[in-house]
$ cat upload00.pdb   # PDB, C-alpha atoms, pLDDT in the B column
ATOM      1  CA  MET T  29      29.248  16.944 -93.678  1.00 72.00           C
ATOM      2  CA  SER T  30      30.321  13.330 -94.100  1.00 91.00           C
ATOM      3  CA  SER T  31      30.335  10.804 -91.289  1.00 94.00           C
ATOM      4  CA  PRO T  32      33.472   9.207 -89.851  1.00 95.00           C
ATOM      5  CA  ILE T  33      32.473   5.973 -91.609  1.00 96.00           C
ATOM      6  CA  ASP T  34      32.241   7.785 -94.952  1.00 97.00           C
ATOM      7  CA  ARG T  35      35.595   9.493 -94.369  1.00 97.00           C
ATOM      8  CA  ALA T  36      37.209   6.201 -93.357  1.00 98.00           C
ATOM      9  CA  GLU T  37      35.855   4.441 -96.440  1.00 97.00           C
ATOM     10  CA  SER T  38      37.131   7.273 -98.623  1.00 97.00           C
ATOM     11  CA  LEU T  39      40.609   6.948 -97.110  1.00 97.00           C
ATOM     12  CA  LEU T  40      40.478   3.156 -97.510  1.00 97.00           C
ATOM     13  CA  LYS T  41      39.641   3.594-101.199  1.00 97.00           C
ATOM     14  CA  ASP T  42      42.365   6.216-101.642  1.00 97.00           C
ATOM     15  CA  LEU T  43      44.882   3.766-100.178  1.00 97.00           C
ATOM     16  CA  GLY T  44      43.758   0.916-102.445  1.00 96.00           C
ATOM     17  CA  ALA T  45      41.807  -1.312-100.036  1.00 97.00           C
ATOM     18  CA  GLU T  46      39.271  -2.092-102.745  1.00 96.00           C
ATOM     19  CA  THR T  47      42.035  -3.616-104.902  1.00 96.00           C
ATOM     20  CA  VAL T  48      43.656  -5.807-102.236  1.00 95.00           C
ATOM     21  CA  PRO T  49      42.444  -9.422-102.578  1.00 90.00           C
ATOM     22  CA  HIS T  50      40.948 -10.904 -99.430  1.00 91.00           C
ATOM     23  CA  PRO T  51      38.729 -13.910 -98.674  1.00 88.00           C
ATOM     24  CA  GLY T  52      35.206 -13.114 -99.773  1.00 87.00           C
ATOM     25  CA  GLY T  53      36.211 -10.312-102.144  1.00 91.00           C
ATOM     26  CA  THR T  54      38.527  -7.436-101.405  1.00 95.00           C
ATOM     27  CA  LEU T  55      40.000  -6.033 -98.223  1.00 97.00           C
ATOM     28  CA  LEU T  56      37.474  -3.169 -98.313  1.00 98.00           C
ATOM     29  CA  VAL T  57      34.548  -5.589 -98.563  1.00 97.00           C
ATOM     30  CA  HIS T  58      35.934  -7.577 -95.610  1.00 97.00           C
ATOM     31  CA  LEU T  59      36.451  -4.447 -93.519  1.00 98.00           C
ATOM     32  CA  ARG T  60      32.874  -3.331 -94.192  1.00 98.00           C
ATOM     33  CA  ARG T  61      31.561  -6.729 -93.102  1.00 98.00           C
ATOM     34  CA  VAL T  62      33.596  -6.637 -89.885  1.00 98.00           C
ATOM     35  CA  ARG T  63      32.192  -3.192 -89.032  1.00 98.00           C
ATOM     36  CA  ALA T  64      28.681  -4.374 -89.840  1.00 98.00           C
ATOM     37  CA  ARG T  65      29.049  -7.424 -87.578  1.00 98.00           C
ATOM     38  CA  LEU T  66      30.223  -5.202 -84.738  1.00 98.00           C
ATOM     39  CA  ALA T  67      27.195  -2.957 -85.346  1.00 98.00           C
ATOM     40  CA  VAL T  68      24.877  -5.979 -85.112  1.00 98.00           C
ATOM     41  CA  TRP T  69      26.555  -6.774 -81.783  1.00 98.00           C
ATOM     42  CA  ASN T  70      25.772  -3.181 -80.669  1.00 98.00           C
ATOM     43  CA  ALA T  71      29.428  -2.234 -80.342  1.00 98.00           C
ATOM     44  CA  ARG T  72      30.015   1.425 -79.606  1.00 98.00           C
ATOM     45  CA  PRO T  73      30.843   3.684 -82.589  1.00 98.00           C
ATOM     46  CA  ALA T  74      34.601   3.817 -81.889  1.00 98.00           C
ATOM     47  CA  LEU T  75      34.858   0.022 -81.961  1.00 98.00           C
ATOM     48  CA  GLN T  76      32.801  -0.134 -85.154  1.00 98.00           C
ATOM     49  CA  LEU T  77      35.158   2.390 -86.764  1.00 98.00           C
ATOM     50  CA  ALA T  78      38.120   0.346 -85.576  1.00 98.00           C
ATOM     51  CA  GLY T  79      36.508  -2.707 -87.164  1.00 98.00           C
ATOM     52  CA  LEU T  80      36.305  -0.860 -90.462  1.00 98.00           C
ATOM     53  CA  CYS T  81      39.932   0.229 -90.181  1.00 98.00           C
ATOM     54  CA  HIS T  82      41.545  -2.656 -88.295  1.00 98.00           C
ATOM     55  CA  ALA T  83      43.989  -3.557 -91.076  1.00 95.00           C
ATOM     56  CA  PHE T  84      45.452  -0.074 -91.635  1.00 97.00           C
ATOM     57  CA  TYR T  85      48.805  -0.985 -90.098  1.00 97.00           C
ATOM     58  CA  GLY T  86      48.678  -4.648 -91.074  1.00 94.00           C
ATOM     59  CA  THR T  87      48.324  -7.410 -88.516  1.00 93.00           C
ATOM     60  CA  ASP T  88      50.315 -10.390 -87.359  1.00 91.00           C
ATOM     61  CA  GLY T  89      48.128 -12.494 -89.669  1.00 88.00           C
ATOM     62  CA  PHE T  90      47.749 -10.030 -92.585  1.00 89.00           C
ATOM     63  CA  PRO T  91      50.991  -8.154 -93.248  1.00 88.00           C
ATOM     64  CA  THR T  92      49.645  -5.753 -95.896  1.00 90.00           C
ATOM     65  CA  ALA T  93      49.661  -2.279 -94.345  1.00 95.00           C
ATOM     66  CA  LEU T  94      47.717   0.584 -95.894  1.00 96.00           C
ATOM     67  CA  LEU T  95      49.507   3.236 -93.839  1.00 97.00           C
ATOM     68  CA  PRO T  96      52.933   3.207 -92.217  1.00 96.00           C
ATOM     69  CA  LEU T  97      52.960   3.805 -88.474  1.00 97.00           C
ATOM     70  CA  ALA T  98      54.661   7.146 -89.029  1.00 97.00           C
ATOM     71  CA  ARG T  99      51.348   8.365 -90.519  1.00 96.00           C
ATOM     72  CA  ARG T 100      49.069   7.376 -87.617  1.00 98.00           C
ATOM     73  CA  GLY T 101      47.960  10.980 -87.278  1.00 97.00           C
ATOM     74  CA  GLU T 102      46.172  10.771 -90.618  1.00 97.00           C
ATOM     75  CA  LEU T 103      43.951   7.981 -89.348  1.00 98.00           C
ATOM     76  CA  VAL T 104      43.357   9.832 -86.067  1.00 98.00           C
ATOM     77  CA  GLU T 105      42.066  12.806 -88.075  1.00 97.00           C
ATOM     78  CA  VAL T 106      39.589  10.582 -89.904  1.00 97.00           C
ATOM     79  CA  ILE T 107      38.264   8.245 -87.180  1.00 98.00           C
ATOM     80  CA  GLY T 108      39.321   9.905 -83.926  1.00 97.00           C
ATOM     81  CA  ALA T 109      41.910   9.054 -81.296  1.00 98.00           C
ATOM     82  CA  GLU T 110      39.871   6.367 -79.500  1.00 98.00           C
ATOM     83  CA  ALA T 111      39.146   4.320 -82.626  1.00 98.00           C
ATOM     84  CA  GLU T 112      42.696   4.732 -83.924  1.00 98.00           C
ATOM     85  CA  ALA T 113      44.110   3.526 -80.608  1.00 98.00           C
ATOM     86  CA  ILE T 114      42.034   0.357 -80.994  1.00 98.00           C
ATOM     87  CA  VAL T 115      43.310  -0.080 -84.559  1.00 98.00           C
ATOM     88  CA  TYR T 116      46.903   0.321 -83.396  1.00 98.00           C
ATOM     89  CA  PHE T 117      46.434  -2.076 -80.471  1.00 98.00           C
ATOM     90  CA  TYR T 118      44.832  -4.668 -82.739  1.00 97.00           C
ATOM     91  CA  GLY T 119      47.559  -4.381 -85.372  1.00 97.00           C
ATOM     92  CA  SER T 120      50.332  -4.424 -82.789  1.00 97.00           C
ATOM     93  CA  CYS T 121      49.360  -7.775 -81.287  1.00 96.00           C
ATOM     94  CA  ASP T 122      52.002 -10.462 -81.335  1.00 95.00           C
ATOM     95  CA  ARG T 123      49.418 -13.232 -81.607  1.00 94.00           C
ATOM     96  CA  ALA T 124      51.659 -16.038 -80.372  1.00 92.00           C
ATOM     97  CA  ALA T 125      52.353 -14.071 -77.203  1.00 91.00           C
ATOM     98  CA  GLY T 126      48.969 -12.357 -76.779  1.00 91.00           C
ATOM     99  CA  TYR T 127      46.263 -14.827 -77.683  1.00 93.00           C
ATOM    100  CA  PRO T 128      46.900 -17.484 -75.014  1.00 92.00           C
ATOM    101  CA  ALA T 129      46.508 -15.159 -72.027  1.00 92.00           C
ATOM    102  CA  LEU T 130      44.415 -12.227 -73.278  1.00 93.00           C
ATOM    103  CA  ALA T 131      41.571 -12.964 -70.858  1.00 93.00           C
ATOM    104  CA  ASP T 132      43.973 -12.921 -67.883  1.00 93.00           C
ATOM    105  CA  PRO T 133      43.886  -9.349 -66.523  1.00 90.00           C
ATOM    106  CA  GLY T 134      47.498  -9.512 -65.347  1.00 91.00           C
ATOM    107  CA  ALA T 135      49.000 -10.991 -68.492  1.00 92.00           C
ATOM    108  CA  PRO T 136      51.405  -8.882 -70.505  1.00 93.00           C
ATOM    109  CA  PHE T 137      50.654  -7.928 -74.086  1.00 95.00           C
ATOM    110  CA  ARG T 138      53.563  -7.783 -76.528  1.00 96.00           C
ATOM    111  CA  ASP T 139      53.555  -4.980 -79.105  1.00 97.00           C
ATOM    112  CA  ARG T 140      55.002  -6.504 -82.277  1.00 97.00           C
ATOM    113  CA  PHE T 141      55.894  -3.054 -83.623  1.00 97.00           C
ATOM    114  CA  THR T 142      57.996  -1.961 -80.652  1.00 97.00           C
ATOM    115  CA  GLY T 143      58.868  -5.292 -79.034  1.00 96.00           C
ATOM    116  CA  ARG T 144      57.746  -3.903 -75.670  1.00 96.00           C
ATOM    117  CA  SER T 145      55.265  -5.558 -73.334  1.00 96.00           C
ATOM    118  CA  HIS T 146      52.612  -3.868 -71.220  1.00 95.00           C
ATOM    119  CA  THR T 147      49.482  -4.859 -69.332  1.00 96.00           C
ATOM    120  CA  PRO T 148      46.387  -3.470 -71.055  1.00 96.00           C
ATOM    121  CA  ASP T 149      43.278  -2.657 -69.059  1.00 96.00           C
ATOM    122  CA  THR T 150      40.104  -4.725 -69.315  1.00 96.00           C
ATOM    123  CA  PRO T 151      38.243  -2.365 -71.683  1.00 97.00           C
ATOM    124  CA  ARG T 152      41.158  -2.565 -74.159  1.00 97.00           C
ATOM    125  CA  ARG T 153      41.189  -6.360 -73.873  1.00 97.00           C
ATOM    126  CA  ARG T 154      37.421  -6.456 -74.463  1.00 98.00           C
ATOM    127  CA  ASP T 155      37.748  -4.330 -77.600  1.00 98.00           C
ATOM    128  CA  PHE T 156      40.503  -6.582 -78.859  1.00 98.00           C
ATOM    129  CA  ALA T 157      38.509  -9.754 -78.195  1.00 98.00           C
ATOM    130  CA  GLU T 158      35.376  -8.394 -79.913  1.00 98.00           C
ATOM    131  CA  LEU T 159      37.321  -7.167 -82.924  1.00 98.00           C
ATOM    132  CA  THR T 160      39.214 -10.441 -83.177  1.00 98.00           C
ATOM    133  CA  ALA T 161      35.989 -12.425 -83.065  1.00 98.00           C
ATOM    134  CA  ALA T 162      34.318 -10.229 -85.690  1.00 98.00           C
ATOM    135  CA  ASN T 163      37.338 -10.462 -87.984  1.00 97.00           C
ATOM    136  CA  GLU T 164      37.896 -14.200 -87.675  1.00 96.00           C
ATOM    137  CA  LEU T 165      34.198 -15.044 -87.925  1.00 97.00           C
ATOM    138  CA  ASP T 166      34.017 -13.073 -91.154  1.00 97.00           C
ATOM    139  CA  LEU T 167      36.930 -15.069 -92.548  1.00 95.00           C
ATOM    140  CA  ALA T 168      35.293 -18.327 -91.469  1.00 95.00           C
ATOM    141  CA  ASP T 169      32.011 -17.247 -93.081  1.00 95.00           C
ATOM    142  CA  HIS T 170      33.601 -16.393 -96.435  1.00 95.00           C
ATOM    143  CA  ASP T 171      36.431 -18.886 -96.793  1.00 93.00           C
ATOM    144  CA  PRO T 172      35.403 -22.548 -96.395  1.00 92.00           C
ATOM    145  CA  ALA T 173      39.031 -23.719 -96.441  1.00 93.00           C
ATOM    146  CA  PHE T 174      39.887 -21.293 -93.623  1.00 93.00           C
ATOM    147  CA  ARG T 175      36.898 -22.503 -91.621  1.00 92.00           C
ATOM    148  CA  GLU T 176      37.811 -26.147 -92.203  1.00 93.00           C
ATOM    149  CA  ARG T 177      41.439 -25.622 -91.207  1.00 93.00           C
ATOM    150  CA  TYR T 178      41.055 -23.160 -88.328  1.00 92.00           C
ATOM    151  CA  GLY T 179      37.458 -23.472 -87.107  1.00 92.00           C
ATOM    152  CA  PRO T 180      38.179 -25.695 -84.078  1.00 92.00           C
ATOM    153  CA  ASP T 181      41.193 -23.575 -83.068  1.00 93.00           C
ATOM    154  CA  LEU T 182      39.148 -20.393 -83.414  1.00 93.00           C
ATOM    155  CA  PHE T 183      36.395 -21.821 -81.264  1.00 94.00           C
ATOM    156  CA  ALA T 184      38.988 -22.715 -78.629  1.00 94.00           C
ATOM    157  CA  LEU T 185      40.370 -19.153 -78.839  1.00 95.00           C
ATOM    158  CA  PHE T 186      36.909 -17.628 -78.501  1.00 96.00           C
ATOM    159  CA  THR T 187      36.212 -19.905 -75.558  1.00 95.00           C
ATOM    160  CA  ARG T 188      39.333 -18.506 -73.840  1.00 95.00           C
ATOM    161  CA  PHE T 189      38.158 -14.988 -74.754  1.00 97.00           C
ATOM    162  CA  ARG T 190      34.632 -15.675 -73.427  1.00 97.00           C
ATOM    163  CA  PRO T 191      35.026 -13.524 -70.271  1.00 96.00           C
ATOM    164  CA  LEU T 192      35.796 -10.561 -72.542  1.00 97.00           C
ATOM    165  CA  LEU T 193      33.119 -11.075 -75.202  1.00 98.00           C
ATOM    166  CA  SER T 194      29.665  -9.542 -75.242  1.00 98.00           C
ATOM    167  CA  GLY T 195      26.698 -11.887 -75.229  1.00 97.00           C
ATOM    168  CA  ALA T 196      26.011 -11.115 -78.881  1.00 97.00           C
ATOM    169  CA  ALA T 197      29.592 -11.862 -79.904  1.00 97.00           C
ATOM    170  CA  TRP T 198      29.657 -15.100 -77.929  1.00 97.00           C
ATOM    171  CA  ALA T 199      26.366 -16.225 -79.492  1.00 95.00           C
ATOM    172  CA  ASP T 200      27.918 -15.674 -82.932  1.00 95.00           C
ATOM    173  CA  CYS T 201      31.060 -17.557 -81.885  1.00 95.00           C
ATOM    174  CA  LEU T 202      29.005 -20.573 -80.876  1.00 94.00           C
ATOM    175  CA  ALA T 203      28.319 -21.193 -84.579  1.00 84.00           C
ATOM    176  CA  LEU T 204      31.932 -22.358 -84.898  1.00 77.00           C
ATOM    177  CA  ASP T 205      31.529 -25.119 -82.317  1.00 69.00           C
ATOM    178  CA  GLY T 206      32.449 -28.303 -84.096  1.00 50.00           C
ATOM    179  CA  ALA T 207      33.583 -26.504 -87.265  1.00 45.00           C
ATOM    180  CA  GLY T 208      35.984 -28.512 -89.318  1.00 39.00           C
ATOM    181  CA  ARG T 209      35.243 -31.785 -87.530  1.00 36.00           C
TER     182      ARG T 209
END
$ encode --input "upload00.pdb" --output "structure tokens"
Amino acid sequence: MSSPIDRAESLLKDLGAETVPHPGGTLLVHLRRVRARLAVWNARPALQLAGLCHAFYGTDGFPTALLPLARRGELVEVIGAEAEAIVYFYGSCDRAAGYPALADPGAPFRDRFTGRSHTPDTPRRRDFAELTAANELDLADHDPAFRERYGPDLFALFTRFRPLLSGAAWADCLALDGAGR
């Protein structure tokens, strides 16, 4: 029997992720690296799976969607409800509204798909912060122009996220201090 990671990678390939250009190779290569970084940080399996699948519905910064929202059930079948919920939450983030106050437990979170706001619990915020850090650090590692342009802003973002980040994630984020200066 294949693992959830194997099944997720198979679905990613079926949906063309290995043909979508992305900094450092293809979207599939990027997604694998994000999952691997989360594994190094000792993230739980559901968050690692979400890291591998975080772009399924597109994001506020990467509009290419591999699956329409109407087909969320297909991803649930492959990676489970917990990991899929993280993928949806990550993809739904209206970054302009969500990034500035994510670490504030009472701050609303705007779902860019529905336009509705809600107040996510701390575990959901932690997952989002870890996944965001893993994703953005991978981009900074594999795209020098991205790192030059956004490195200082990313470090500022990660500093705001610090209360939500694991020690391992924060240690990795510290490598961006002074980037692009």
$ atom_distance --input "upload00.pdb" --atom1 "CA of Arg72 in chain T" --atom2 "CA of Pro128 in chain T"
25.8 Å
$ resolve_selection --input "upload00.pdb" --expression "the PyMOL selection byres ((chain T and resi 170) around 12)" --output "MDAnalysis selection string"
chainID T and resid 50:54 57:58 61:62 163:169 171:176
$ closest_residue --input "upload00.pdb" --among "T:Ala184, T:Ala93, T:Val115, T:Ala162" --to "Leu66 in chain T" --atoms "all atoms listed in the file"
T:Ala162
$ closest_residue --input "upload00.pdb" --among "T:Gly126, T:Pro136, T:Asp149, T:Val104" --to "Leu185 in chain T" --atoms "all atoms listed in the file"
T:Gly126
$ residues_near_point --input "upload00.pdb" --point "(33.4, -0.3, -81.1)" --cutoff "12 Å" --atoms "all atoms listed in the file" --output "VMD selection string"
chain T and resid 62 to 82 107 110 to 115 151 to 152 154 to 160 162 194
$ closest_residue --input "upload00.pdb" --among "T:Gly86, T:Pro133, T:Gly179, T:Pro49" --to "Ser120 in chain T" --atoms "all atoms listed in the file"
T:Gly86
$ closest_residue --input "upload00.pdb" --among "T:Phe137, T:Phe84, T:Tyr118, T:Phe186" --to "Pro96 in chain T" --atoms "all atoms listed in the file"
T:Phe84
$ resolve_selection --input "upload00.pdb" --expression "the PyMOL selection byres ((chain T and resi 202) around 12)" --output "compact mmCIF listing (two decimals) with C-alpha atoms, keeping the file's coordinate frame"
# COMPACT_ATOMS: atom_id res chain seq x y z
CA ALA T 161 35.99 -12.42 -83.06
CA LEU T 165 34.20 -15.04 -87.92
CA GLY T 179 37.46 -23.47 -87.11
CA PRO T 180 38.18 -25.70 -84.08
CA LEU T 182 39.15 -20.39 -83.41
CA PHE T 183 36.40 -21.82 -81.26
CA ALA T 184 38.99 -22.72 -78.63
CA LEU T 185 40.37 -19.15 -78.84
CA PHE T 186 36.91 -17.63 -78.50
CA THR T 187 36.21 -19.90 -75.56
CA ARG T 190 34.63 -15.68 -73.43
CA LEU T 193 33.12 -11.08 -75.20
CA GLY T 195 26.70 -11.89 -75.23
CA ALA T 196 26.01 -11.12 -78.88
CA ALA T 197 29.59 -11.86 -79.90
CA TRP T 198 29.66 -15.10 -77.93
CA ALA T 199 26.37 -16.23 -79.49
CA ASP T 200 27.92 -15.67 -82.93
CA CYS T 201 31.06 -17.56 -81.89
CA ALA T 203 28.32 -21.19 -84.58
CA LEU T 204 31.93 -22.36 -84.90
CA ASP T 205 31.53 -25.12 -82.32
CA GLY T 206 32.45 -28.30 -84.10
CA ALA T 207 33.58 -26.50 -87.26
$ atom_distance --input "upload00.pdb" --atom1 "CA of Ser31 in chain T" --atom2 "CA of Phe90 in chain T"
27.2 Å
$ closest_residue --input "upload00.pdb" --among "T:Gly108, T:Arg100, T:Arg188, T:Pro91" --to "Leu130 in chain T" --atoms "all atoms listed in the file"
T:Arg188
$ residues_around --input "upload00.pdb" --residues "Arg153 in chain T" --least-positions-apart "5" --cutoff "8 Å" --atoms "only C-alpha atoms" --output "PDB file with C-alpha atoms, keeping the file's coordinate frame"
ATOM      1  CA  LEU T 130      44.415 -12.227 -73.278  1.00 93.00           C
ATOM      2  CA  ALA T 131      41.571 -12.964 -70.858  1.00 93.00           C
ATOM      3  CA  PRO T 148      46.387  -3.470 -71.055  1.00 96.00           C
ATOM      4  CA  LEU T 192      35.796 -10.561 -72.542  1.00 97.00           C
TER       5      LEU T 192
END
$ atom_distance --input "upload00.pdb" --atom1 "CA of Pro191 in chain T" --atom2 "CA of Ala129 in chain T"
11.7 Å
$ closest_residue --input "upload00.pdb" --among "T:Tyr116, T:Tyr178, T:Thr87, T:Arg35" --to "Arg99 in chain T" --atoms "only C-alpha atoms"
T:Tyr116
$ axis_aligned_box --input "upload00.pdb" --around "range 125-135 of chain T" --padding-each-side "5 Å" --output "JSON"
{"center_x": 47.0, "center_y": -13.4, "center_z": -71.5, "size_x": 20.8, "size_y": 18.1, "size_z": 22.3}
$ resolve_selection --input "upload00.pdb" --expression "the PyMOL selection byres ((chain T and resi 139) around 10)" --output "compact mmCIF listing (two decimals) with C-alpha atoms, keeping the file's coordinate frame"
# COMPACT_ATOMS: atom_id res chain seq x y z
CA TYR T 116 46.90 0.32 -83.40
CA PHE T 117 46.43 -2.08 -80.47
CA TYR T 118 44.83 -4.67 -82.74
CA GLY T 119 47.56 -4.38 -85.37
CA SER T 120 50.33 -4.42 -82.79
CA CYS T 121 49.36 -7.78 -81.29
CA ASP T 122 52.00 -10.46 -81.33
CA ARG T 123 49.42 -13.23 -81.61
CA ALA T 125 52.35 -14.07 -77.20
CA GLY T 126 48.97 -12.36 -76.78
CA PRO T 136 51.40 -8.88 -70.50
CA PHE T 137 50.65 -7.93 -74.09
CA ARG T 138 53.56 -7.78 -76.53
CA ARG T 140 55.00 -6.50 -82.28
CA PHE T 141 55.89 -3.05 -83.62
CA THR T 142 58.00 -1.96 -80.65
CA GLY T 143 58.87 -5.29 -79.03
CA ARG T 144 57.75 -3.90 -75.67
CA SER T 145 55.26 -5.56 -73.33
CA HIS T 146 52.61 -3.87 -71.22
$ build_atoms --input "upload00.pdb" --residues "range 46-63 of chain T" --atoms "N, CA, C and O atoms" --output "short mmCIF file (atom, residue, chain, number, x, y, z; two decimals), keeping the file's coordinate frame"
data_model
loop_
_atom_site.label_atom_id
_atom_site.label_comp_id
_atom_site.auth_asym_id
_atom_site.auth_seq_id
_atom_site.Cartn_x
_atom_site.Cartn_y
_atom_site.Cartn_z
N GLU T 46 40.23 -1.39 -101.89
CA GLU T 46 39.27 -2.09 -102.74
C GLU T 46 39.96 -2.88 -103.86
O GLU T 46 39.30 -3.58 -104.62
N THR T 47 41.29 -2.83 -103.91
CA THR T 47 42.04 -3.62 -104.90
C THR T 47 42.86 -4.74 -104.27
O THR T 47 43.45 -5.53 -104.99
N VAL T 48 42.88 -4.78 -102.93
CA VAL T 48 43.66 -5.81 -102.24
C VAL T 48 42.80 -7.07 -102.11
O VAL T 48 41.74 -7.03 -101.47
N PRO T 49 43.23 -8.19 -102.70
CA PRO T 49 42.44 -9.42 -102.58
C PRO T 49 42.35 -9.89 -101.13
O PRO T 49 43.30 -9.75 -100.35
N HIS T 50 41.20 -10.42 -100.79
CA HIS T 50 40.95 -10.90 -99.43
C HIS T 50 39.83 -11.93 -99.52
O HIS T 50 38.98 -11.83 -100.40
N PRO T 51 39.81 -12.92 -98.62
CA PRO T 51 38.73 -13.91 -98.67
C PRO T 51 37.35 -13.25 -98.71
O PRO T 51 37.07 -12.34 -97.93
N GLY T 52 36.54 -13.67 -99.64
CA GLY T 52 35.21 -13.11 -99.77
C GLY T 52 35.16 -11.84 -100.59
O GLY T 52 34.15 -11.14 -100.58
N GLY T 53 36.22 -11.52 -101.31
CA GLY T 53 36.21 -10.31 -102.14
C GLY T 53 37.50 -9.54 -102.01
O GLY T 53 38.58 -10.05 -102.26
N THR T 54 37.36 -8.30 -101.58
CA THR T 54 38.53 -7.44 -101.40
C THR T 54 38.67 -7.08 -99.92
O THR T 54 37.75 -7.31 -99.11
N LEU T 55 39.79 -6.47 -99.60
CA LEU T 55 40.00 -6.03 -98.22
C LEU T 55 38.90 -5.06 -97.80
O LEU T 55 38.36 -5.17 -96.70
N LEU T 56 38.51 -4.13 -98.67
CA LEU T 56 37.47 -3.17 -98.31
C LEU T 56 36.16 -3.87 -98.00
O LEU T 56 35.48 -3.53 -97.03
N VAL T 57 35.79 -4.85 -98.80
CA VAL T 57 34.55 -5.59 -98.56
C VAL T 57 34.62 -6.29 -97.20
O VAL T 57 33.66 -6.26 -96.42
N HIS T 58 35.75 -6.91 -96.91
CA HIS T 58 35.93 -7.58 -95.61
C HIS T 58 35.81 -6.57 -94.46
O HIS T 58 35.12 -6.83 -93.47
N LEU T 59 36.48 -5.45 -94.58
CA LEU T 59 36.45 -4.45 -93.52
C LEU T 59 35.03 -3.94 -93.27
O LEU T 59 34.62 -3.75 -92.12
N ARG T 60 34.28 -3.75 -94.34
CA ARG T 60 32.87 -3.33 -94.19
C ARG T 60 32.07 -4.39 -93.44
O ARG T 60 31.23 -4.06 -92.60
N ARG T 61 32.30 -5.66 -93.78
CA ARG T 61 31.56 -6.73 -93.10
C ARG T 61 31.92 -6.81 -91.62
O ARG T 61 31.05 -7.07 -90.78
N VAL T 62 33.19 -6.61 -91.29
CA VAL T 62 33.60 -6.64 -89.88
C VAL T 62 32.90 -5.51 -89.12
O VAL T 62 32.36 -5.71 -88.04
N ARG T 63 32.89 -4.31 -89.68
CA ARG T 63 32.19 -3.19 -89.03
C ARG T 63 30.71 -3.49 -88.87
O ARG T 63 30.12 -3.26 -87.81
#
